[in-house]
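J.: One file is attached below, data_14.pdb, containing PDB, C-alpha atoms, pLDDT in the B column.
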ATOM      1  CA  MET A 145      62.121  40.881 -66.199  1.00 87.00           C
ATOM      2  CA  LEU A 146      61.638  40.991 -62.473  1.00 87.00           C
ATOM      3  CA  LEU A 147      63.086  43.950 -60.578  1.00 87.00           C
ATOM      4  CA  ASN A 148      63.727  43.518 -56.874  1.00 90.00           C
ATOM      5  CA  VAL A 149      64.138  46.817 -55.025  1.00 90.00           C
ATOM      6  CA  ARG A 150      65.030  47.307 -51.373  1.00 94.00           C
ATOM      7  CA  LEU A 151      62.860  50.004 -49.782  1.00 93.00           C
ATOM      8  CA  SER A 152      63.553  52.141 -46.755  1.00 95.00           C
ATOM      9  CA  GLY A 153      60.992  52.210 -43.956  1.00 95.00           C
ATOM     10  CA  GLU A 154      59.583  55.496 -45.264  1.00 95.00           C
ATOM     11  CA  ASP A 155      59.332  54.147 -48.819  1.00 94.00           C
ATOM     12  CA  GLU A 156      57.575  51.049 -47.525  1.00 95.00           C
ATOM     13  CA  ARG A 157      54.988  53.208 -45.720  1.00 96.00           C
ATOM     14  CA  VAL A 158      54.443  55.189 -48.932  1.00 95.00           C
ATOM     15  CA  VAL A 159      53.888  51.999 -50.940  1.00 95.00           C
ATOM     16  CA  ARG A 160      51.420  50.666 -48.364  1.00 96.00           C
ATOM     17  CA  GLY A 161      49.485  53.921 -48.524  1.00 96.00           C
ATOM     18  CA  LEU A 162      49.419  53.810 -52.321  1.00 94.00           C
ATOM     19  CA  ARG A 163      48.159  50.217 -52.296  1.00 95.00           C
ATOM     20  CA  ARG A 164      45.416  51.135 -49.805  1.00 96.00           C
ATOM     21  CA  ALA A 165      44.416  53.894 -52.232  1.00 96.00           C
ATOM     22  CA  LYS A 166      44.177  51.235 -54.984  1.00 95.00           C
ATOM     23  CA  VAL A 167      47.155  52.634 -56.920  1.00 94.00           C
ATOM     24  CA  ASN A 168      48.846  50.112 -59.207  1.00 95.00           C
ATOM     25  CA  VAL A 169      52.403  50.445 -57.842  1.00 94.00           C
ATOM     26  CA  SER A 170      53.884  48.265 -60.584  1.00 93.00           C
ATOM     27  CA  GLU A 171      52.485  50.551 -63.298  1.00 94.00           C
ATOM     28  CA  LEU A 172      53.673  53.585 -61.328  1.00 94.00           C
ATOM     29  CA  VAL A 173      57.227  52.179 -61.282  1.00 94.00           C
ATOM     30  CA  ARG A 174      57.092  51.300 -65.001  1.00 94.00           C
ATOM     31  CA  ARG A 175      55.934  54.816 -65.877  1.00 95.00           C
ATOM     32  CA  ALA A 176      58.668  56.372 -63.710  1.00 94.00           C
ATOM     33  CA  LEU A 177      61.295  54.197 -65.409  1.00 93.00           C
ATOM     34  CA  ARG A 178      60.068  55.179 -68.895  1.00 93.00           C
ATOM     35  CA  GLU A 179      60.051  58.885 -67.991  1.00 92.00           C
ATOM     36  CA  ALA A 180      63.564  58.668 -66.521  1.00 92.00           C
ATOM     37  CA  ALA A 181      64.808  56.897 -69.651  1.00 90.00           C
ATOM     38  CA  ALA A 182      63.195  59.535 -71.887  1.00 88.00           C
ATOM     39  CA  ARG A 183      64.875  62.336 -69.905  1.00 85.00           C
ATOM     40  CA  GLU A 184      68.218  60.541 -70.109  1.00 81.00           C
ATOM     41  CA  HIS A 185      68.072  60.148 -73.886  1.00 79.00           C
ATOM     42  CA  ARG A 186      67.060  63.716 -74.728  1.00 77.00           C
ATOM     43  CA  VAL A 187      69.604  65.610 -76.772  1.00 78.00           C
ATOM     44  CA  GLN A 188      71.208  68.216 -74.574  1.00 78.00           C
ATOM     45  CA  PRO A 189      72.233  71.540 -76.110  1.00 80.00           C
ATOM     46  CA  SER A 190      75.921  72.325 -76.047  1.00 87.00           C
ATOM     47  CA  ARG A 191      77.340  74.347 -73.172  1.00 89.00           C
ATOM     48  CA  SER A 192      78.065  77.295 -75.440  1.00 88.00           C
ATOM     49  CA  VAL A 193      74.412  77.391 -76.538  1.00 87.00           C
ATOM     50  CA  LEU A 194      73.268  77.265 -72.908  1.00 87.00           C
ATOM     51  CA  VAL A 195      75.650  80.056 -71.891  1.00 87.00           C
ATOM     52  CA  LYS A 196      74.514  82.219 -74.804  1.00 86.00           C
ATOM     53  CA  GLU A 197      70.853  81.676 -73.868  1.00 87.00           C
ATOM     54  CA  ILE A 198      71.585  82.639 -70.258  1.00 86.00           C
ATOM     55  CA  ILE A 199      73.509  85.752 -71.266  1.00 83.00           C
ATOM     56  CA  ASP A 200      70.773  86.784 -73.709  1.00 83.00           C
ATOM     57  CA  ALA A 201      68.087  86.244 -71.073  1.00 85.00           C
ATOM     58  CA  ILE A 202      69.791  88.401 -68.436  1.00 83.00           C
ATOM     59  CA  PRO A 203      69.950  92.064 -69.367  1.00 73.00           C
ATOM     60  CA  GLY A 204      73.092  93.975 -68.514  1.00 71.00           C
ATOM     61  CA  PRO A 205      73.168  96.868 -66.075  1.00 72.00           C
ATOM     62  CA  VAL A 206      71.291  99.969 -67.223  1.00 72.00           C
ATOM     63  CA  GLY A 207      73.529 102.695 -68.597  1.00 70.00           C
ATOM     64  CA  LYS A 208      76.544 100.465 -69.069  1.00 70.00           C
ATOM     65  CA  THR A 209      78.195 100.185 -72.460  1.00 68.00           C
ATOM     66  CA  LYS A 210      77.909  96.710 -73.932  1.00 77.00           C
ATOM     67  CA  ARG A 211      81.257  95.028 -74.467  1.00 83.00           C
ATOM     68  CA  PRO A 212      82.298  94.352 -78.038  1.00 88.00           C
ATOM     69  CA  PRO A 213      82.957  90.847 -79.336  1.00 88.00           C
ATOM     70  CA  LEU A 214      86.476  89.842 -78.354  1.00 89.00           C
ATOM     71  CA  ASP A 215      87.372  88.671 -81.850  1.00 91.00           C
ATOM     72  CA  ASP A 216      86.965  92.229 -83.238  1.00 92.00           C
ATOM     73  CA  ARG A 217      90.237  93.877 -82.206  1.00 94.00           C
ATOM     74  CA  ARG A 218      89.295  97.324 -83.519  1.00 95.00           C
ATOM     75  CA  ALA A 219      86.034  97.326 -81.586  1.00 93.00           C
ATOM     76  CA  VAL A 220      87.864  96.169 -78.448  1.00 92.00           C
ATOM     77  CA  ALA A 221      90.492  98.904 -78.862  1.00 94.00           C
ATOM     78  CA  ALA A 222      87.777 101.539 -79.311  1.00 92.00           C
ATOM     79  CA  PHE A 223      85.920 100.228 -76.271  1.00 90.00           C
ATOM     80  CA  ILE A 224      89.063 100.415 -74.118  1.00 90.00           C
ATOM     81  CA  ALA A 225      89.846 103.906 -75.383  1.00 91.00           C
ATOM     82  CA  ARG A 226      86.324 105.091 -74.492  1.00 88.00           C
ATOM     83  CA  LYS A 227      86.676 103.581 -71.022  1.00 86.00           C
ATOM     84  CA  LEU A 228      90.063 105.262 -70.459  1.00 89.00           C
ATOM     85  CA  ASN A 229      88.878 108.651 -71.711  1.00 85.00           C
ATOM     86  CA  ARG A 230      85.852 108.640 -69.392  1.00 74.00           C
ATOM     87  CA  GLY A 231      87.751 108.176 -66.195  1.00 57.00           C
TER      88      GLY A 231
END
What would the structure in this file look like if it were written as structure tokens?

T.:
Amino acid sequence: MLLNVRLSGEDERVVRGLRRAKVNVSELVRRALREAAAREHRVQPSRSVLVKEIIDAIPGPVGKTKRPPLDDRRAVAAFIARKLNRG
């Protein structure tokens, strides 16, 4: 397959410089295409997994009480009661 690509003036200068340096531009383009395809086909973790990783990686403020899981109503009620009794 032949791929015809229109280059900007800056891109054309870059390609000329690469050719002067004896770089195989065709192989460079092939490698870039393969790498882009490999990145595109990688399995991405779900958003919830990403959010959990971010939250786990960032520690909370020092001295603050950690919030309970929202699906544990007793823990949430106790947390709210502690907050109200402090202030």

J.: What lies within 12 Å of Asn148 of chain A using only C-alpha atoms, ignoring chain neighbours under 3 positions off, as a list in words?

T.: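 Close residues of Asn148 of chain A: Met145, Leu151, Ser170 and Val173 of chain A.
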
J.: Work out how far apart atom CA of Arg157 of chain A and atom CA of Val169 of chain A are and give it in Å to one decimal.

T.: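 Calculated distance between atom CA of Arg157 of chain A and atom CA of Val169 of chain A is 12.7 Å.
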
J.: Quick one: pull the distance between atom CA of Leu172 of chain A and atom CA of Leu146 of chain A, Å, one decimal.

T.: 14.9 Å

J.: With N, CA and C atoms retained, output segment 165-179 of chain A as a tab-separated table (two decimals), in the first residue's frame.

T.:
chain	number	residue	atom	x	y	z
A	165	ALA	N	20.72	13.05	7.36
A	165	ALA	CA	21.36	12.27	8.42
A	165	ALA	C	21.27	10.77	8.16
A	166	LYS	N	20.85	10.41	6.94
A	166	LYS	CA	20.77	9.00	6.52
A	166	LYS	C	19.75	8.19	7.31
A	167	VAL	N	18.68	8.85	7.77
A	167	VAL	CA	17.60	8.15	8.47
A	167	VAL	C	16.62	7.62	7.44
A	168	ASN	N	16.22	6.38	7.57
A	168	ASN	CA	15.25	5.78	6.67
A	168	ASN	C	13.86	6.28	7.09
A	169	VAL	N	13.35	7.31	6.42
A	169	VAL	CA	12.10	7.95	6.80
A	169	VAL	C	10.92	6.99	6.64
A	170	SER	N	10.97	6.15	5.63
A	170	SER	CA	9.88	5.18	5.43
A	170	SER	C	9.78	4.24	6.62
A	171	GLU	N	10.92	3.73	7.09
A	171	GLU	CA	10.90	2.83	8.25
A	171	GLU	C	10.46	3.57	9.50
A	172	LEU	N	10.85	4.83	9.62
A	172	LEU	CA	10.43	5.66	10.75
A	172	LEU	C	8.91	5.81	10.77
A	173	VAL	N	8.31	6.04	9.62
A	173	VAL	CA	6.85	6.17	9.52
A	173	VAL	C	6.17	4.84	9.83
A	174	ARG	N	6.71	3.74	9.30
A	174	ARG	CA	6.13	2.42	9.58
A	174	ARG	C	6.14	2.12	11.08
A	175	ARG	N	7.29	2.41	11.72
A	175	ARG	CA	7.41	2.15	13.16
A	175	ARG	C	6.42	3.01	13.95
A	176	ALA	N	6.29	4.28	13.56
A	176	ALA	CA	5.34	5.17	14.24
A	176	ALA	C	3.90	4.67	14.08
A	177	LEU	N	3.57	4.18	12.89
A	177	LEU	CA	2.22	3.65	12.66
A	177	LEU	C	1.97	2.41	13.52
A	178	ARG	N	2.96	1.50	13.60
A	178	ARG	CA	2.79	0.30	14.42
A	178	ARG	C	2.64	0.65	15.90
A	179	GLU	N	3.44	1.60	16.38
A	179	GLU	CA	3.34	2.01	17.79
A	179	GLU	C	1.99	2.66	18.09
